[in-house]
Amino acid sequence: MELTVKVQKQFGTFFLDADFAIQGDQVGVFGPSGSGKSTLVSLIAGLRHPDRGFISLDGETLFDSDRGLHMPPEHRRIGMVFQRAHLFPHLSVRSNLLYGYKRCDPRYRKITLDTLVSVMQIGHLLDRGVRHLSGGEKQRVAIGRAVLSNPRLLLMDEPLSAVDDSLKFQIISYLKNTCEIFKIPYLFISHALLEMRIMTNRVLNVEEGRVTRQVTGEDLARERMKDAAGYMNLLRLTAPRRINNLYTYRWEDQELFISSGSPMDETIFEVSSTDIILFKRHPEAISARNLLKGTVVDIFETGTRMGVELKCGDGRLIAEIVKEAVDELELSKGVEIYAAIKAVAFRRLG
Amino acid sequence: MDVIVNLPLTLPPVVVGYLLLLLLGRHGFVGKMILQPLGINLIFTWKAAVVATAVVGFPLMVRSIRIGMETIDVRLIQASRTLGAGWFDTIMTVIVPLSVRGLIAGSVLMFARGLGEFGATIIVAGNIPGVTQTIPLAIYEYVSSPGGDVMALSLCVVSVTISVLVLLFHEWLGRRMVRSD
């Protein structure tokens with residue numbers, strides 16, 4: 001996906017002035033509430049007109065005020081998932097799903113109802129009315145409806161903000177997997193850093209109506225360490241096995257012991273940078289269940305503390321320790337150390 | 001526009017009738033410029049009664065439909081647009097089905113208002129038995145003539161019956177809508 005936007009829009013006292021060009025398939029739009037993210041998205045979708053400017057997607061001009069060109073939303077082939085599901089209440093789940101599919105030009109119809117239903121596992125919902133679905137089911141159907149319209153770009157405007165925490169990460173994995181399987185590029189809008197880091201690999205940072213810079217979720221997370229919020233290591237773990245009261249998971253080429261596991265094949269866990277203890281030499285016996293050997297690849301200041309980036313096998317971890325500890329352990333780039341993490345320090349997302 | 005549509009609701013029906021008479025009559029703007037060249041004579045025919053009833057009842061219809069439409073979440077309309085439906089397609093497949101309850105309520109209200117219409121009708125259509133005499137006009141005539149009590153009362157019964165039937169029909173439609181949700 002290749003998106004070029006240079007637009008201005010006055011909204012009462014709010015002024016949006018966005019100027020950027022971005023390439024990538026998993027792009028985030030990040031910024032606090034009221035910074036203009038949703039406005040920007042509605043301009044790209046064609047639901048609102050910019051006052052002036054230019055928008056093009058994959059080389060095709062969608063809006064150009066100089067040429068008086070404004071492609072209506074129904075011709076843009078840009079799907080949208082909103083904060084709430086916004087399913088059509090007078091239609092069944094099946095009709096909702098097919099609403100966009102029927103209106104899609106047959107030559108673009110690559111994803112069909114059958115493949116979507118098997119990927120998203122919503123076959124049992126098809127003939128129900130939408131009023132009888134749970135919140136999570138509704139959002140899944142809404143995602144399916146947008147995907148089935150076979151868009152060339154999917155816009156997701158805070159699609160998880162109205163969902164419970166417990167469901168949030170289930171839906172995140174649905175979203176990400178579905179888009180990856182069907183190869184749909186997306187623009188993911190959120191003010192939640194964690195969601196950004198999981199969903200995107202490129203982020204447009206929006207502040208007060210301007211796109212200030214392009215970063216990655218990882219950059220943002222490291223910057224935030226200065227606010228004493230700590231850093232959350234996100235680990236995508238696979239192949240769980242239950243051993244007594246613990247679970248073992250594969251993480252890259254290592255094995256981790258975790259107490260709050262689940263039988264799901266793939267799960268994302270977070271572990272705080274402050275929950276990782278570093279040892280200079282192998283401690284003979286410790287209570288922590290995970291002891292990883294690693295190499296220091298980076299040491300950086302985070303306000304009052306120091307961040308230490310470790311390479312453990314193929315995985316990377318960031319630990320946070322005080323300056324005195326860095327001196328005492330004689331840490332520098334390339335030094336080999338041991339990192340201990342308790343099995344309970346991992347928090348399961350979803 | 002809003003004021004013009006809603007004016008018949010606040011004006012006394014007699015005034016509406018008189019204005020219609022001025023407008024549609026032989027010397028009125030519409031009567032002279034459009035109706036006469038086409039050879040149509042409205043005033044003092046049953047058609048005039050229909051026009052008067054429609055004008056008086058119209059604001060009620062508009063209001064109910066508008067309330068019905070205003071309750072539709074704008075996001076649903078945006079969703080249908082991004083799913084590839086043009087504005088006309090969106091009106092037919094999203095807006096109309098979702099405001100059908102307002103539409104029914106509006107038509108029932110308008111019908112009820114039409115049943116009771118008196119002031120505007122008597123002025124533009126007159127009170128000609130068998131031609132332009134509506135139920136209220138007939139009741140008025142029987143009540144004001146000696147010995148017409150029985151006829152007046154039986155017409156009242158007819159009125160009540162029609163009203164009850166219309167309300168029951170409305171209720172039934174409403175329930176059917178809820179169930180199909």
# chains A, B, ... in the order shown; residues from 1 in each chain; ligands from 1
$ residues_around --residues "Leu278 of chain A" --least-positions-apart "3" --cutoff "9 Å" --atoms "only C-alpha atoms" --output "number ranges by chain"
A: 319, 321, 329, 337-340
$ interface_residues --of "chain B" --to "chain A" --cutoff "10 Å" --atoms "only C-alpha atoms" --output "list in words"
Asp73, Val74, Arg75, Leu76, Ile77, Gln78, Ala79, Ser80, Arg81, Thr82, Leu83, Gly84, Ala85, Gly86, Trp87, Asp89, Thr93, Val94, Pro97, Leu98, Met177, Val178, Ser180 and Asp181 of chain B
$ closest_residue --among "B:Val164, B:Met110, B:Leu22, B:Leu103" --to "Arg66 of chain B" --atoms "only C-alpha atoms"
B:Leu103
$ residues_around --residues "Gly130 of chain B" --least-positions-apart "4" --cutoff "10 Å" --atoms "only C-alpha atoms" --output "PyMOL selection string"
chain B and resi 46+134+138
$ residues_around --residues "Leu21 of chain B" --least-positions-apart "6" --cutoff "12 Å" --atoms "only C-alpha atoms" --output "PyMOL selection string"
chain B and resi 14-15+27-31+41-44+48-49+51-52+120-126
$ residues_around --residues "Val100 of chain B" --least-positions-apart "2" --cutoff "10 Å" --atoms "only C-alpha atoms" --output "list in words"
Ile65, Gly68, Met69, Ile95, Val96, Pro97, Leu98, Gly102, Leu103, Ile104, Ala105, Gly106, Gly174 and Met177 of chain B
$ write_last_selection --atoms "C-alpha atoms" --output "PDB file, in the first residue's frame"
ATOM      1  CA  ILE B  65     -40.688   9.947   9.526  1.00  0.00           C
ATOM      2  CA  GLY B  68     -37.610   7.751  12.718  1.00  0.00           C
ATOM      3  CA  MET B  69     -34.764   8.776  10.443  1.00  0.00           C
ATOM      4  CA  ILE B  95     -32.439   4.308   5.750  1.00  0.00           C
ATOM      5  CA  VAL B  96     -35.929   3.292   4.569  1.00  0.00           C
ATOM      6  CA  PRO B  97     -35.941  -0.156   6.242  1.00  0.00           C
ATOM      7  CA  LEU B  98     -34.755   1.367   9.503  1.00  0.00           C
ATOM      8  CA  GLY B 102     -41.753   6.037  11.771  1.00  0.00           C
ATOM      9  CA  LEU B 103     -43.314   5.690   8.353  1.00  0.00           C
ATOM     10  CA  ILE B 104     -46.127   3.511   9.687  1.00  0.00           C
ATOM     11  CA  ALA B 105     -46.667   5.718  12.730  1.00  0.00           C
ATOM     12  CA  GLY B 106     -46.748   8.756  10.453  1.00  0.00           C
ATOM     13  CA  GLY B 174     -45.423  -2.554  15.086  1.00  0.00           C
ATOM     14  CA  MET B 177     -41.552  -5.285  13.015  1.00  0.00           C
TER      15      MET B 177
END
$ residues_around --residues "Asn205 of chain A" --least-positions-apart "3" --cutoff "6 Å" --atoms "only C-alpha atoms" --output "PyMOL selection string"
chain A and resi 30-31+211-213
$ write_last_selection --atoms "C-alpha atoms" --output "CSV table (one decimal), in the first residue's frame"
chain,number,residue,atom,x,y,z
A,30,PHE,CA,-1.2,7.0,16.8
A,31,GLY,CA,-2.0,10.0,18.9
A,211,VAL,CA,1.3,14.2,11.3
A,212,THR,CA,4.5,15.0,13.1
A,213,ARG,CA,6.7,12.0,12.2
$ select_by_dssp --residues "segment 55-96 of chain A" --states "strand (DSSP E)" --output "JSON, numbers by chain"
{"A": [55, 56, 57, 60, 61, 62, 63, 64, 69, 70, 78, 79, 80, 81]}
$ write_last_selection --atoms "N, CA and C atoms" --output "mmCIF file, in the first residue's frame"
data_model
loop_
_atom_site.group_PDB
_atom_site.id
_atom_site.type_symbol
_atom_site.label_atom_id
_atom_site.label_comp_id
_atom_site.auth_asym_id
_atom_site.auth_seq_id
_atom_site.Cartn_x
_atom_site.Cartn_y
_atom_site.Cartn_z
ATOM 1 N N ILE A 55 -5.227 13.494 -2.145
ATOM 2 C CA ILE A 55 -5.074 12.160 -1.548
ATOM 3 C C ILE A 55 -4.921 11.154 -2.674
ATOM 4 N N SER A 56 -3.889 10.315 -2.616
ATOM 5 C CA SER A 56 -3.807 9.251 -3.610
ATOM 6 C C SER A 56 -3.442 7.941 -2.928
ATOM 7 N N LEU A 57 -3.968 6.840 -3.504
ATOM 8 C CA LEU A 57 -3.731 5.504 -2.952
ATOM 9 C C LEU A 57 -3.260 4.609 -4.086
ATOM 10 N N GLU A 60 -3.511 5.969 -7.565
ATOM 11 C CA GLU A 60 -4.789 6.490 -8.046
ATOM 12 C C GLU A 60 -5.218 7.679 -7.176
ATOM 13 N N THR A 61 -5.595 8.774 -7.840
ATOM 14 C CA THR A 61 -5.994 9.965 -7.092
ATOM 15 C C THR A 61 -7.430 9.803 -6.581
ATOM 16 N N LEU A 62 -7.586 9.979 -5.264
ATOM 17 C CA LEU A 62 -8.923 9.857 -4.671
ATOM 18 C C LEU A 62 -9.544 11.232 -4.464
ATOM 19 N N PHE A 63 -8.680 12.210 -4.232
ATOM 20 C CA PHE A 63 -9.173 13.564 -4.010
ATOM 21 C C PHE A 63 -8.118 14.547 -4.492
ATOM 22 N N ASP A 64 -8.573 15.560 -5.213
ATOM 23 C CA ASP A 64 -7.661 16.598 -5.652
ATOM 24 C C ASP A 64 -8.459 17.885 -5.802
ATOM 25 N N LEU A 69 -11.588 17.020 -8.065
ATOM 26 C CA LEU A 69 -11.889 15.588 -8.093
ATOM 27 C C LEU A 69 -12.189 15.074 -6.683
ATOM 28 N N HIS A 70 -13.336 14.442 -6.542
ATOM 29 C CA HIS A 70 -13.672 13.838 -5.250
ATOM 30 C C HIS A 70 -14.351 12.513 -5.513
ATOM 31 N N ILE A 78 -12.243 1.272 -0.104
ATOM 32 C CA ILE A 78 -11.561 1.365 1.178
ATOM 33 C C ILE A 78 -12.559 0.920 2.236
ATOM 34 N N GLY A 79 -12.281 -0.205 2.875
ATOM 35 C CA GLY A 79 -13.191 -0.731 3.889
ATOM 36 C C GLY A 79 -12.958 -0.037 5.219
ATOM 37 N N MET A 80 -13.944 -0.145 6.093
ATOM 38 C CA MET A 80 -13.791 0.543 7.368
ATOM 39 C C MET A 80 -14.377 -0.287 8.513
ATOM 40 N N VAL A 81 -13.645 -0.330 9.613
ATOM 41 C CA VAL A 81 -14.142 -0.959 10.837
ATOM 42 C C VAL A 81 -14.162 0.133 11.891
#
$ atom_distance --atom1 "atom CA of His49 of chain A" --atom2 "atom CA of Met1 of chain A"
21.9 Å
$ residues_around --residues "segment 157-160 of chain B" --least-positions-apart "6" --cutoff "10 Å" --atoms "only C-alpha atoms" --output "NGL selection string"
:B and (115-116 or 135-136 or 151 or 166)
$ write_last_selection --atoms "C-alpha atoms" --output "tab-separated table (two decimals), in the first residue's frame"
chain	number	residue	atom	x	y	z
B	115	LEU	CA	-60.68	11.18	9.50
B	116	GLY	CA	-61.36	14.09	11.79
B	135	ILE	CA	-68.16	11.76	8.41
B	136	PRO	CA	-67.47	14.79	10.63
B	151	MET	CA	-77.99	9.29	12.57
B	166	VAL	CA	-56.66	1.58	12.45
$ atom_distance --atom1 "atom CA of Leu168 of chain B" --atom2 "atom CA of Asn6 of chain B"
27.5 Å
$ closest_residue --among "A:Val93, A:Leu113, A:Cys179, A:Ala285" --to "Arg128 of chain A" --atoms "only C-alpha atoms"
A:Val93
$ atom_distance --atom1 "atom CA of Ala343 of chain A" --atom2 "atom CA of Phe269 of chain A"
11.5 Å
